Amino acid sequence: MTKRYERLKEIQRLDPERDFLEIYRLTVTCEFPWDITRALELALYRTYAVPSIGRLLAETAELTERSQKRYDDTALLLDAVVEHGFEGERGRTAIRRINAMHRSYDISNDDMRYVLCTFVVTPKRWLDVYGWRKLSDHELRAFAAYYRTLGARMGIQDLPTTYDDFERFLDDYEDEHFGWDAGARAVSDATLALMGSWYPRPLAPVVRRASLALLDDSLLRAFRYDHPGRVTRGLTRGALRLRARAVRLLPPRTTPHYARQNPEIKGYPQGYDVADLGTFPTPGVGGCPVPHRRSTGASAD
């Protein structure tokens with residue numbers, strides 16, 4: 001058990017403001033690769049419940065008609081920054097691709113800032129309940145610094161500073177903006193179907209019910225889903241807690257596991273070039289329904 005926590009001791013010897021990339025990389029690729037993948041999936045899913053976000057995603061049809069490609073590209077672009085850093089060529093290319101896509105749409109700074117907050121807050125809350133340990137204060141400070149840096153590279157204004165700032169903005173934004181939108185519900189249904197498609201067909205309904213059981217009541221209300229029921233919720237959440245106990249007893253991972261290695265990434269069996277990931281919309285046509293009026297000068301350079 002002592003050895004299981006050796007990497008946490010290594011993390012705590014680092015400076016979370018200076019070494020945030022190294023801390024973040026160790027945490028997400030060595031300590032919690034499976035959990036962070038699930039948490040980031042949930043983080044992006046939460047954003048659909050903001051009608052301005054969910055509606056735009058429905059209009060582009062990226063998540064309703066090309067769900068697997070959208071999932072793959074999002075995971076791989078974010079993964080490139082984790083693996084290669086903000087100054088590495090592939091990391092810089094990934095941020096340029098992210099910025100080029102976002103500039104093609106009319107996305108408010110507040111919506112962009114909210115999405116960034118989900119990446120910081122949702123993993124912490126997931127690990128509080130389902131992780132083999134909770135994130136340390138060192139890791140929370142590093143997560144905040146990592147996403148402040150990513151947000152700055154994306155041209156997002158008025159970024160939160162501390163984890164508490166990220167959490168406060170997220171909660172306030174969801175309280176004010178969560179609501180029903182038919183397009184957002186379509187995006188949600190497509191995402192649940194995609195998750196079900198990763199397993200043998202008879203299991204798809206089970207995966208859908210389990211996924212709904214992990215949603216909090218605010219999300220269920222926003223998408224107008226029936227409550228999954230106490231038994232389904234208890235079994236699903238109990239199984240994840242049992243998994244956490246089992247993982248705690250395992251020896252620590254000796255090599256990092258990146259998102260590109262996840263079995264859910266299915267669209268690039270022959271490999272991929274980071275510069276080719278994502279979409280290349282022309283404002284007003286080709287899957288981009290709205291010109292992006294916001295001028296930020298965002299760049300990875």
# chains A, B, ... in the order shown; residues from 1 in each chain; ligands from 1
>>> residues_around(residues="Tyr71 in chain A", least_positions_apart="4", cutoff="10 Å", atoms="only C-alpha atoms", output="VMD selection string")
chain A and resid 41 62 to 63 66 to 67 75 to 76 191 194 264 to 267 278
>>> write_last_selection(atoms="N, CA, C and O atoms", output="tab-separated table (two decimals), in the first residue's frame")
chain	number	residue	atom	x	y	z
A	41	GLU	N	-15.42	12.81	-20.45
A	41	GLU	CA	-16.62	12.53	-21.23
A	41	GLU	C	-17.83	13.19	-20.57
A	41	GLU	O	-18.65	13.83	-21.24
A	62	GLU	N	-22.28	17.56	-36.02
A	62	GLU	CA	-21.05	16.80	-35.77
A	62	GLU	C	-21.27	15.68	-34.77
A	62	GLU	O	-20.72	14.59	-34.91
A	63	LEU	N	-22.09	15.94	-33.76
A	63	LEU	CA	-22.30	14.92	-32.73
A	63	LEU	C	-23.50	14.03	-33.01
A	63	LEU	O	-23.64	12.98	-32.40
A	66	ARG	N	-21.94	12.37	-36.98
A	66	ARG	CA	-20.55	11.89	-37.03
A	66	ARG	C	-20.01	11.76	-35.61
A	66	ARG	O	-18.93	12.27	-35.28
A	67	SER	N	-20.79	11.06	-34.77
A	67	SER	CA	-20.50	11.03	-33.34
A	67	SER	C	-19.12	10.45	-33.04
A	67	SER	O	-18.38	11.00	-32.22
A	75	ALA	N	-10.96	14.01	-28.26
A	75	ALA	CA	-10.05	13.33	-27.33
A	75	ALA	C	-8.60	13.43	-27.79
A	75	ALA	O	-7.69	13.68	-26.99
A	76	LEU	N	-8.37	13.27	-29.08
A	76	LEU	CA	-6.99	13.25	-29.60
A	76	LEU	C	-6.37	14.64	-29.59
A	76	LEU	O	-5.16	14.79	-29.34
A	191	THR	N	-25.03	10.94	-28.14
A	191	THR	CA	-23.85	10.62	-27.33
A	191	THR	C	-24.07	9.33	-26.56
A	191	THR	O	-23.18	8.47	-26.48
A	194	LEU	N	-23.73	6.51	-28.93
A	194	LEU	CA	-22.32	6.26	-29.25
A	194	LEU	C	-21.68	5.41	-28.16
A	194	LEU	O	-20.98	4.43	-28.46
A	264	GLU	N	-11.88	3.21	-27.00
A	264	GLU	CA	-13.02	3.97	-27.54
A	264	GLU	C	-12.64	4.79	-28.77
A	264	GLU	O	-13.52	5.24	-29.51
A	265	ILE	N	-11.35	5.03	-28.99
A	265	ILE	CA	-10.89	5.76	-30.17
A	265	ILE	C	-10.84	4.77	-31.33
A	265	ILE	O	-9.98	3.90	-31.39
A	266	LYS	N	-11.77	4.88	-32.25
A	266	LYS	CA	-11.94	3.85	-33.28
A	266	LYS	C	-11.74	4.34	-34.71
A	266	LYS	O	-11.71	3.54	-35.64
A	267	GLY	N	-11.62	5.65	-34.90
A	267	GLY	CA	-11.67	6.20	-36.25
A	267	GLY	C	-10.36	6.23	-37.01
A	267	GLY	O	-10.36	6.56	-38.21
A	278	GLY	N	-10.31	17.03	-36.61
A	278	GLY	CA	-11.36	18.02	-36.50
A	278	GLY	C	-12.00	18.35	-37.83
A	278	GLY	O	-11.82	17.65	-38.83
>>> residues_around(residues="Arg13 in chain A", least_positions_apart="4", cutoff="12 Å", atoms="only C-alpha atoms", output="VMD selection string")
chain A and resid 6 to 9 18 to 20 22 to 23 138 to 139
>>> residues_around(residues="Leu159 in chain A", least_positions_apart="5", cutoff="9 Å", atoms="only C-alpha atoms", output="list in words")
Arg113, Arg148, Gly151, Ala152, Asp165 and Phe166 of chain A
>>> residues_around(residues="Glu65 in chain A", least_positions_apart="4", cutoff="12 Å", atoms="only C-alpha atoms", output="JSON, numbers by chain")
{"A": [57, 58, 59, 60, 61, 69, 70, 71, 186, 187, 189, 190, 191, 193, 194, 287]}
>>> closest_residue(among="A:Tyr105, A:Phe119, A:Phe86, A:Trp132", to="Leu40 in chain A", atoms="only C-alpha atoms")
A:Phe119
>>> residues_around(residues="Asp273 in chain A", least_positions_apart="5", cutoff="12 Å", atoms="only C-alpha atoms", output="number ranges by chain")
A: 73, 76-77, 80, 89-91, 93-94, 97, 268, 278
>>> closest_residue(among="A:Arg46, A:Leu14, A:Gly131, A:Thr162", to="Ala239 in chain A", atoms="only C-alpha atoms")
A:Gly131
>>> select_by_dssp(residues="range 65-300 of chain A", states="alpha helix (DSSP H)", output="NGL selection string")
:A and (65 or 67-84 or 89-102 or 109-130 or 137-153 or 163-177 or 182-197 or 204-213 or 217-223 or 230-249)
>>> closest_residue(among="A:Val28, A:Pro33, A:Leu249, A:Pro200", to="Lys3 in chain A", atoms="only C-alpha atoms")
A:Leu249
>>> residues_around(residues="range 220-225 of chain A", least_positions_apart="2", cutoff="6 Å", atoms="only C-alpha atoms", output="VMD selection string")
chain A and resid 49 179 to 180 185 217 to 218
>>> write_last_selection(atoms="N, CA and C atoms", output="CSV table (one decimal), in the first residue's frame")
chain,number,residue,atom,x,y,z
A,49,ALA,N,-26.2,20.7,-21.8
A,49,ALA,CA,-27.4,21.2,-21.1
A,49,ALA,C,-27.5,22.7,-21.1
A,179,GLY,N,-31.1,24.3,-19.1
A,179,GLY,CA,-32.5,24.3,-19.5
A,179,GLY,C,-32.7,23.4,-20.7
A,180,TRP,N,-33.9,23.3,-21.1
A,180,TRP,CA,-34.4,22.4,-22.2
A,180,TRP,C,-34.1,23.0,-23.5
A,185,ARG,N,-31.1,17.9,-26.6
A,185,ARG,CA,-31.6,16.5,-26.3
A,185,ARG,C,-31.1,15.6,-27.4
A,217,ASP,N,-29.4,15.2,-10.9
A,217,ASP,CA,-30.8,15.6,-11.2
A,217,ASP,C,-30.9,16.8,-12.1
A,218,SER,N,-29.9,17.7,-12.0
A,218,SER,CA,-30.0,18.9,-12.8
A,218,SER,C,-29.9,18.6,-14.3
>>> atom_distance(atom1="CA of Trp198 in chain A", atom2="CA of Thr47 in chain A")
22.1 Å
>>> residues_around(residues="Leu192 in chain A", least_positions_apart="3", cutoff="8 Å", atoms="only C-alpha atoms", output="mmCIF file with N, CA, C and O atoms, in the first residue's frame")
data_model
loop_
_atom_site.group_PDB
_atom_site.id
_atom_site.type_symbol
_atom_site.label_atom_id
_atom_site.label_comp_id
_atom_site.auth_asym_id
_atom_site.auth_seq_id
_atom_site.Cartn_x
_atom_site.Cartn_y
_atom_site.Cartn_z
ATOM 1 N N SER A 188 -27.559 14.800 -26.880
ATOM 2 C CA SER A 188 -27.424 13.913 -25.734
ATOM 3 C C SER A 188 -27.761 12.475 -26.117
ATOM 4 O O SER A 188 -27.025 11.536 -25.782
ATOM 5 N N ASP A 189 -28.880 12.284 -26.824
ATOM 6 C CA ASP A 189 -29.275 10.931 -27.239
ATOM 7 C C ASP A 189 -28.215 10.299 -28.140
ATOM 8 O O ASP A 189 -27.901 9.109 -28.015
ATOM 9 N N MET A 195 -21.890 5.754 -26.916
ATOM 10 C CA MET A 195 -21.306 4.979 -25.822
ATOM 11 C C MET A 195 -21.799 3.538 -25.840
ATOM 12 O O MET A 195 -21.037 2.599 -25.596
ATOM 13 N N GLY A 196 -23.060 3.355 -26.158
ATOM 14 C CA GLY A 196 -23.594 2.002 -26.253
ATOM 15 C C GLY A 196 -22.978 1.212 -27.383
ATOM 16 O O GLY A 196 -22.823 -0.014 -27.302
ATOM 17 N N ARG A 208 -26.828 2.512 -21.699
ATOM 18 C CA ARG A 208 -27.626 3.741 -21.654
ATOM 19 C C ARG A 208 -28.195 3.964 -20.256
ATOM 20 O O ARG A 208 -28.104 5.062 -19.704
ATOM 21 N N SER A 211 -25.438 4.916 -17.888
ATOM 22 C CA SER A 211 -24.991 6.292 -18.131
ATOM 23 C C SER A 211 -25.964 7.292 -17.516
ATOM 24 O O SER A 211 -25.554 8.271 -16.876
#
